[in-house]
>>> print(open('coords34.cif').read())   # mmCIF, C-alpha atoms
data_model
#
loop_
_atom_site.label_atom_id
_atom_site.label_comp_id
_atom_site.auth_asym_id
_atom_site.auth_seq_id
_atom_site.Cartn_x
_atom_site.Cartn_y
_atom_site.Cartn_z
CA MET I 1 30.15 16.79 58.66
CA ASP I 2 26.42 17.43 59.09
CA GLU I 3 23.80 14.71 58.84
CA LEU I 4 22.78 15.61 55.29
CA HIS I 5 26.29 15.29 53.93
CA LEU I 6 26.82 12.07 55.86
CA LYS I 7 23.84 10.73 53.92
CA LYS I 8 25.47 11.88 50.70
CA GLU I 9 28.69 10.06 51.61
CA LYS I 10 26.65 6.93 52.33
CA LEU I 11 25.03 7.32 48.91
CA ILE I 12 28.40 7.61 47.15
CA SER I 13 29.70 4.54 48.96
CA ARG I 14 26.65 2.52 47.88
CA ILE I 15 27.02 3.68 44.28
CA GLN I 16 30.71 2.75 44.13
CA SER I 17 30.15 -0.75 45.47
CA PRO I 18 29.00 -2.45 42.22
CA GLY I 19 31.60 -0.67 40.08
CA LYS I 20 29.18 -0.12 37.20
CA ILE I 21 25.62 1.16 37.43
CA ALA I 22 22.70 1.97 35.14
CA VAL I 23 20.24 4.59 36.37
CA ALA I 24 16.58 4.60 35.40
CA PHE I 25 16.52 8.23 34.31
CA SER I 26 13.33 10.22 33.77
CA ALA I 27 14.76 13.76 34.16
CA GLY I 28 12.87 14.19 37.43
CA VAL I 29 14.33 15.63 40.63
CA ASP I 30 15.41 12.31 42.12
CA SER I 31 16.78 10.46 39.09
CA THR I 32 18.65 13.56 37.89
CA PHE I 33 20.44 13.91 41.21
CA LEU I 34 21.17 10.18 41.36
CA LEU I 35 22.53 10.10 37.82
CA LYS I 36 24.72 13.15 38.46
CA ILE I 37 26.26 11.60 41.58
CA CYS I 38 26.73 8.26 39.82
CA SER I 39 28.44 9.99 36.92
CA GLU I 40 30.78 11.89 39.25
CA ALA I 41 31.64 8.75 41.21
CA LEU I 42 31.89 6.22 38.37
CA LYS I 43 32.62 8.34 35.29
CA GLU I 44 31.95 6.28 32.12
CA ASN I 45 30.82 3.31 34.23
CA ALA I 46 27.53 5.11 34.89
CA VAL I 47 24.90 5.16 32.15
CA ALA I 48 21.35 6.48 31.89
CA LEU I 49 18.38 4.31 30.92
CA THR I 50 15.42 6.31 29.66
CA CYS I 51 11.99 5.03 28.72
CA VAL I 52 10.17 6.81 25.90
CA SER I 53 6.49 5.92 26.02
CA PRO I 54 3.04 7.54 25.79
CA VAL I 55 2.90 7.48 29.61
CA ASN I 56 5.73 10.05 29.69
CA PRO I 57 5.30 13.57 28.30
CA GLU I 58 7.53 14.44 25.38
CA ARG I 59 9.04 17.36 27.29
CA GLU I 60 10.49 14.93 29.85
CA SER I 61 12.17 12.85 27.13
CA VAL I 62 13.68 16.00 25.62
CA GLU I 63 14.97 17.17 29.02
CA ALA I 64 16.50 13.75 29.70
CA ALA I 65 18.34 13.71 26.37
CA ASP I 66 19.57 17.29 26.86
CA PHE I 67 20.90 16.55 30.35
CA CYS I 68 22.84 13.49 29.22
CA ARG I 69 24.31 15.29 26.24
CA GLU I 70 25.33 18.35 28.26
CA ASN I 71 26.95 16.20 30.96
CA GLY I 72 28.64 13.68 28.68
CA ILE I 73 26.63 10.74 30.04
CA LYS I 74 25.83 7.77 27.83
CA GLN I 75 22.06 7.44 27.45
CA ILE I 76 20.26 4.27 26.36
CA VAL I 77 16.67 4.82 25.25
CA ILE I 78 14.11 2.03 25.29
CA THR I 79 10.58 2.16 23.88
CA PRO I 80 8.53 -0.55 25.64
CA ASP I 81 5.00 -1.10 24.38
CA LEU I 82 3.24 -0.75 27.72
CA LEU I 83 -0.13 -0.36 26.02
CA SER I 84 0.13 -3.95 24.78
CA LEU I 85 0.20 -5.14 28.40
CA ASP I 86 -3.35 -6.16 29.29
CA ALA I 87 -2.78 -5.95 33.04
CA PHE I 88 -1.66 -2.34 32.61
CA VAL I 89 -4.35 -1.22 30.15
CA LYS I 90 -7.19 -2.51 32.37
CA ASN I 91 -5.92 -0.12 35.04
CA PRO I 92 -6.46 -2.21 38.19
CA PRO I 93 -5.32 -0.90 41.60
CA ASP I 94 -1.98 -2.71 41.13
CA ARG I 95 -1.46 -1.22 37.65
CA CYS I 96 1.86 0.27 38.74
CA TYR I 97 3.17 -3.18 39.69
CA HIS I 98 2.57 -4.54 36.19
CA CYS I 99 4.01 -1.43 34.57
CA LYS I 100 7.16 -1.39 36.70
CA LYS I 101 7.67 -5.14 36.23
CA ALA I 102 7.58 -4.83 32.43
CA LEU I 103 9.52 -1.57 32.31
CA PHE I 104 12.35 -2.56 34.63
CA THR I 105 12.65 -5.99 33.04
CA ALA I 106 13.35 -4.15 29.78
CA LEU I 107 15.74 -1.75 31.51
CA LYS I 108 17.67 -4.64 33.07
CA GLU I 109 17.98 -6.33 29.67
CA ALA I 110 19.31 -3.10 28.15
CA ALA I 111 21.84 -2.73 30.97
CA GLU I 112 22.99 -6.34 30.63
CA LYS I 113 23.81 -5.70 26.97
CA GLU I 114 26.20 -2.99 28.21
CA GLY I 115 27.80 -5.39 30.67
CA ILE I 116 26.12 -3.66 33.63
CA HIS I 117 24.44 -5.89 36.20
CA THR I 118 23.16 -3.23 38.63
CA VAL I 119 20.17 -1.04 37.85
CA ALA I 120 19.17 1.77 40.22
CA ASP I 121 15.99 3.80 40.48
CA GLY I 122 15.33 7.17 42.11
CA SER I 123 13.03 6.09 44.96
CA ASN I 124 13.86 8.00 48.12
CA ALA I 125 13.11 7.90 51.84
CA SER I 126 9.97 9.99 51.33
CA ASP I 127 8.46 7.28 49.13
CA THR I 128 7.60 4.93 51.99
CA GLY I 129 4.10 6.36 52.44
CA ASP I 130 1.04 6.20 50.20
CA TYR I 131 0.08 3.19 48.09
CA ARG I 132 3.03 2.13 45.89
CA PRO I 133 2.59 -1.36 44.39
CA GLY I 134 5.41 -0.67 41.95
CA MET I 135 7.91 -1.06 44.79
CA ARG I 136 7.14 -4.79 44.90
CA ALA I 137 8.19 -5.17 41.27
CA LEU I 138 11.50 -3.42 41.97
CA ASP I 139 12.18 -5.75 44.88
CA GLU I 140 11.40 -8.82 42.78
CA LEU I 141 13.77 -7.70 40.04
CA GLY I 142 16.61 -6.75 42.36
CA ILE I 143 16.57 -3.05 41.44
CA ILE I 144 18.46 -0.98 44.00
CA SER I 145 17.30 2.36 45.39
CA PRO I 146 20.48 4.10 46.63
CA LEU I 147 18.74 7.33 47.63
CA LYS I 148 16.34 5.44 49.87
CA GLU I 149 19.13 3.27 51.30
CA ALA I 150 21.08 6.42 52.20
CA GLY I 151 18.04 7.83 53.99
CA LEU I 152 17.74 10.81 51.65
CA THR I 153 14.32 12.45 51.63
CA LYS I 154 12.85 14.49 48.80
CA GLU I 155 13.76 17.72 50.61
CA ASP I 156 17.32 16.46 51.18
CA ILE I 157 17.64 15.75 47.47
CA ARG I 158 16.43 19.22 46.54
CA ILE I 159 18.98 20.82 48.88
CA LEU I 160 21.85 18.70 47.57
CA SER I 161 20.71 19.22 43.97
CA LYS I 162 20.92 22.97 44.49
CA GLU I 163 24.45 22.53 45.86
CA GLU I 164 25.32 20.53 42.73
CA GLY I 165 23.95 23.32 40.55
CA LEU I 166 21.27 21.09 39.08
CA PRO I 167 18.34 22.97 37.51
CA THR I 168 15.96 20.28 38.78
CA TRP I 169 16.40 21.28 42.44
CA SER I 170 13.16 23.28 42.27
CA LYS I 171 11.41 21.20 39.62
CA PRO I 172 7.87 20.14 40.60
CA SER I 173 7.23 16.50 41.49
CA TYR I 174 6.03 14.36 38.65
CA ALA I 175 4.47 10.94 38.00
CA CYS I 176 3.54 9.05 34.85
CA LEU I 177 0.42 10.15 32.99
CA ALA I 178 -1.39 6.86 33.67
CA THR I 179 -1.71 7.92 37.32
CA ARG I 180 -4.21 10.58 36.21
CA ILE I 181 -6.78 8.02 35.03
CA ALA I 182 -9.27 6.69 37.60
CA TYR I 183 -8.73 3.04 38.51
CA GLY I 184 -10.87 0.69 36.47
CA GLU I 185 -11.00 3.01 33.46
CA ALA I 186 -8.91 1.68 30.58
CA VAL I 187 -5.58 3.37 29.84
CA THR I 188 -5.37 4.33 26.16
CA ALA I 189 -2.95 6.30 24.03
CA GLU I 190 -5.68 8.84 23.30
CA LYS I 191 -6.42 9.47 26.98
CA LEU I 192 -2.72 9.90 27.73
CA ARG I 193 -2.42 12.34 24.83
CA ILE I 194 -5.38 14.38 26.10
CA ILE I 195 -3.99 14.51 29.64
CA GLU I 196 -0.57 15.59 28.41
CA LYS I 197 -2.06 18.42 26.36
CA ALA I 198 -4.34 19.52 29.21
CA GLU I 199 -1.48 19.68 31.72
CA GLN I 200 0.81 21.42 29.26
CA LYS I 201 -1.84 24.11 28.91
CA LEU I 202 -1.73 24.68 32.67
CA PHE I 203 2.07 24.81 32.67
CA ASP I 204 2.02 27.31 29.82
CA MET I 205 -0.33 29.49 31.85
CA GLY I 206 2.08 29.65 34.78
CA PHE I 207 0.95 26.79 37.03
CA THR I 208 4.04 24.86 38.12
CA GLN I 209 2.57 21.95 40.10
CA ALA I 210 -0.46 20.82 38.13
CA ARG I 211 -2.43 17.65 37.50
CA VAL I 212 -5.48 16.92 35.36
CA ARG I 213 -7.21 13.87 36.80
CA MET I 214 -9.52 12.06 34.39
CA HIS I 215 -12.78 10.60 35.66
CA GLY I 216 -14.53 9.55 32.46
CA SER I 217 -15.57 12.77 30.73
CA LEU I 218 -14.84 14.86 33.84
CA ALA I 219 -11.52 16.64 34.36
CA ARG I 220 -10.48 17.36 37.96
CA ILE I 221 -7.73 19.97 38.00
CA GLU I 222 -5.22 20.17 40.84
CA VAL I 223 -2.85 23.13 41.22
CA GLU I 224 -0.88 24.57 44.12
CA LYS I 225 -3.27 25.67 46.86
CA ASP I 226 -2.01 29.26 46.67
CA LYS I 227 -2.85 29.29 42.95
CA LEU I 228 -6.51 28.31 43.36
CA ALA I 229 -7.63 31.95 43.25
CA LEU I 230 -5.72 32.42 40.00
CA LEU I 231 -7.31 29.27 38.57
CA ALA I 232 -10.76 30.57 39.48
CA GLY I 233 -10.22 33.96 37.87
CA GLU I 234 -12.86 34.67 35.24
CA ASN I 235 -10.55 34.94 32.22
CA ILE I 236 -8.22 32.10 33.26
CA SER I 237 -11.00 29.69 34.16
CA ALA I 238 -12.87 30.45 30.93
CA GLU I 239 -9.76 29.80 28.83
CA ILE I 240 -8.95 26.54 30.61
CA ASN I 241 -12.56 25.36 30.46
CA SER I 242 -12.75 26.08 26.75
CA TYR I 243 -9.48 24.34 25.98
CA LEU I 244 -10.16 21.22 28.02
CA ARG I 245 -13.63 20.89 26.53
CA SER I 246 -12.05 21.11 23.07
CA LEU I 247 -9.95 18.09 24.07
CA GLY I 248 -13.09 16.09 24.79
CA PHE I 249 -13.90 16.70 28.45
CA HIS I 250 -17.59 17.43 29.11
CA TYR I 251 -17.04 18.80 32.61
CA VAL I 252 -14.06 20.75 33.95
CA THR I 253 -13.70 21.02 37.74
CA ALA I 254 -11.05 21.92 40.32
CA ASN I 255 -9.97 20.16 43.52
CA LEU I 256 -10.54 22.76 46.24
CA ALA I 257 -7.86 21.12 48.39
CA GLY I 258 -5.27 21.96 45.74
CA TYR I 259 -2.57 19.59 44.50
CA GLU I 260 -2.50 16.29 46.40
CA THR I 261 0.01 13.51 45.76
CA GLY I 262 -1.69 10.18 45.01
CA SER I 263 -5.20 11.58 45.30
CA MET I 264 -6.51 8.88 42.96
CA ASN I 265 -5.74 6.31 45.64
CA ARG I 266 -8.75 7.48 47.61
CA ASP I 267 -10.83 5.47 45.16
CA LEU I 268 -9.31 2.27 46.55
CA SER I 269 -11.38 2.54 49.73
CA VAL I 270 -14.58 2.10 47.76
CA MET I 271 -13.45 -0.50 45.23
#
>>> encode(input="coords34.cif", output="structure tokens")
Amino acid sequence: MDELHLKKEKLISRIQSPGKIAVAFSAGVDSTFLLKICSEALKENAVALTCVSPVNPERESVEAADFCRENGIKQIVITPDLLSLDAFVKNPPDRCYHCKKALFTALKEAAEKEGIHTVADGSNASDTGDYRPGMRALDELGIISPLKEAGLTKEDIRILSKEEGLPTWSKPSYACLATRIAYGEAVTAEKLRIIEKAEQKLFDMGFTQARVRMHGSLARIEVEKDKLALLAGENISAEINSYLRSLGFHYVTANLAGYETGSMNRDLSVM
């Protein structure tokens, strides 16, 4: 057996250990693969926990519900009021810690009501870099990360997802909408709504890996580096500029480096 499939066997063994497991399920690449493997290994003893909130685009909630229905997996939906959490709304550098602490506390409570004492998230071995304060909250709450424990990287998960026939194997990476707002600028429902609409516009125009970073009234667009020329095309750029300005942005710019994971964290060096 090759190294990749040895990792998968290690994952299955870890999943089977608690007997019952609840997966924090967002419909992303990682949590979809984890939920699928949990469902195969544990049958009805694996459930999905999905958060519906303004920080998550509606399309993700729809995809999560569709996946669970199509695969016969019980889904529990929670609707935490993250915007009532002062430490989250103020958007400090450790915003993600406060968000994850509140969110996964609610997820654990929902799982406990189902008689499930183990909650898993989709963190993987590629998530050890960058600035990730949310990981501390997971550790404090005893959330397990089976993909990371098995040594599975993002690329590993994509390969195994394709083998499983999962449509998410080629799905672009994603993060909550609050990550688009510059640190120190308040997170509001209106800002999240604007960002969701702005990014959906880019997706509708054929950009698959896209972000709209919000710096006050300035929008900083990130797309795949090989799509920068398309973004700069006269008709495309004019349409995007017009639409984003109609949403309330005064200035619409593009990151010439293309899409960069965690690019907002650069601000931390000057805070």
>>> closest_atom_pairs(input="coords34.cif", of="region 11-82 of chain I", to="region 145-162 of chain I", cutoff="9 Å", atoms="only C-alpha atoms", output="CSV")
residue,atom,partner,partner_atom,distance
I:Leu11,CA,I:Ala150,CA,5.2
I:Ile12,CA,I:Pro146,CA,8.7
I:Arg14,CA,I:Pro146,CA,6.5
I:Ile15,CA,I:Pro146,CA,7.0
I:Val29,CA,I:Arg158,CA,7.2
I:Asp30,CA,I:Ile157,CA,6.7
I:Thr32,CA,I:Ser161,CA,8.6
I:Phe33,CA,I:Ser161,CA,6.0
I:Leu34,CA,I:Leu147,CA,7.3
>>> resolve_selection(input="coords34.cif", expression="the PyMOL selection byres ((chain I and resi 97-106) around 8)", output="MDAnalysis selection string")
chainID I and resid 51 78 80 82 87:88 94:96 107:110 133:138 141
>>> atom_distance(input="coords34.cif", atom1="CA of Ile221 (chain I)", atom2="CA of Asn235 (chain I)")
16.3 Å
>>> closest_residue(input="coords34.cif", among="I:Val223, I:Arg213, I:Ile240, I:Gly72", to="Ser263 (chain I)", atoms="all atoms listed in the file")
I:Arg213
>>> resolve_selection(input="coords34.cif", expression="the PyMOL selection byres ((chain I and resi 53-56) around 6)", output="PyMOL selection string")
chain I and resi 52+57+79+176-178
>>> resolve_selection(input="coords34.cif", expression="the PyMOL selection byres ((chain I and resi 120) around 6)", output="PyMOL selection string")
chain I and resi 23+119+121+143-145
>>> write_last_selection(input="coords34.cif", atoms="C-alpha atoms", output="short mmCIF file (atom, residue, chain, number, x, y, z; two decimals), in the coordinates of the input")
data_model
loop_
_atom_site.label_atom_id
_atom_site.label_comp_id
_atom_site.auth_asym_id
_atom_site.auth_seq_id
_atom_site.Cartn_x
_atom_site.Cartn_y
_atom_site.Cartn_z
CA VAL I 23 20.24 4.59 36.37
CA VAL I 119 20.17 -1.04 37.85
CA ASP I 121 15.99 3.80 40.48
CA ILE I 143 16.57 -3.05 41.44
CA ILE I 144 18.46 -0.98 44.00
CA SER I 145 17.30 2.36 45.39
#
>>> atom_distance(input="coords34.cif", atom1="CA of Ala41 (chain I)", atom2="CA of Leu4 (chain I)")
18.0 Å
>>> residues_around(input="coords34.cif", residues="Phe249 (chain I)", least_positions_apart="5", cutoff="8 Å", atoms="only C-alpha atoms", output="JSON list (two decimals) with C-alpha atoms, keeping the file's coordinate frame")
[["chain", "number", "residue", "atom", "x", "y", "z"],
["I", 217, "SER", "CA", -15.57, 12.77, 30.73],
["I", 218, "LEU", "CA", -14.84, 14.86, 33.84],
["I", 219, "ALA", "CA", -11.52, 16.64, 34.36],
["I", 244, "LEU", "CA", -10.16, 21.22, 28.02]]
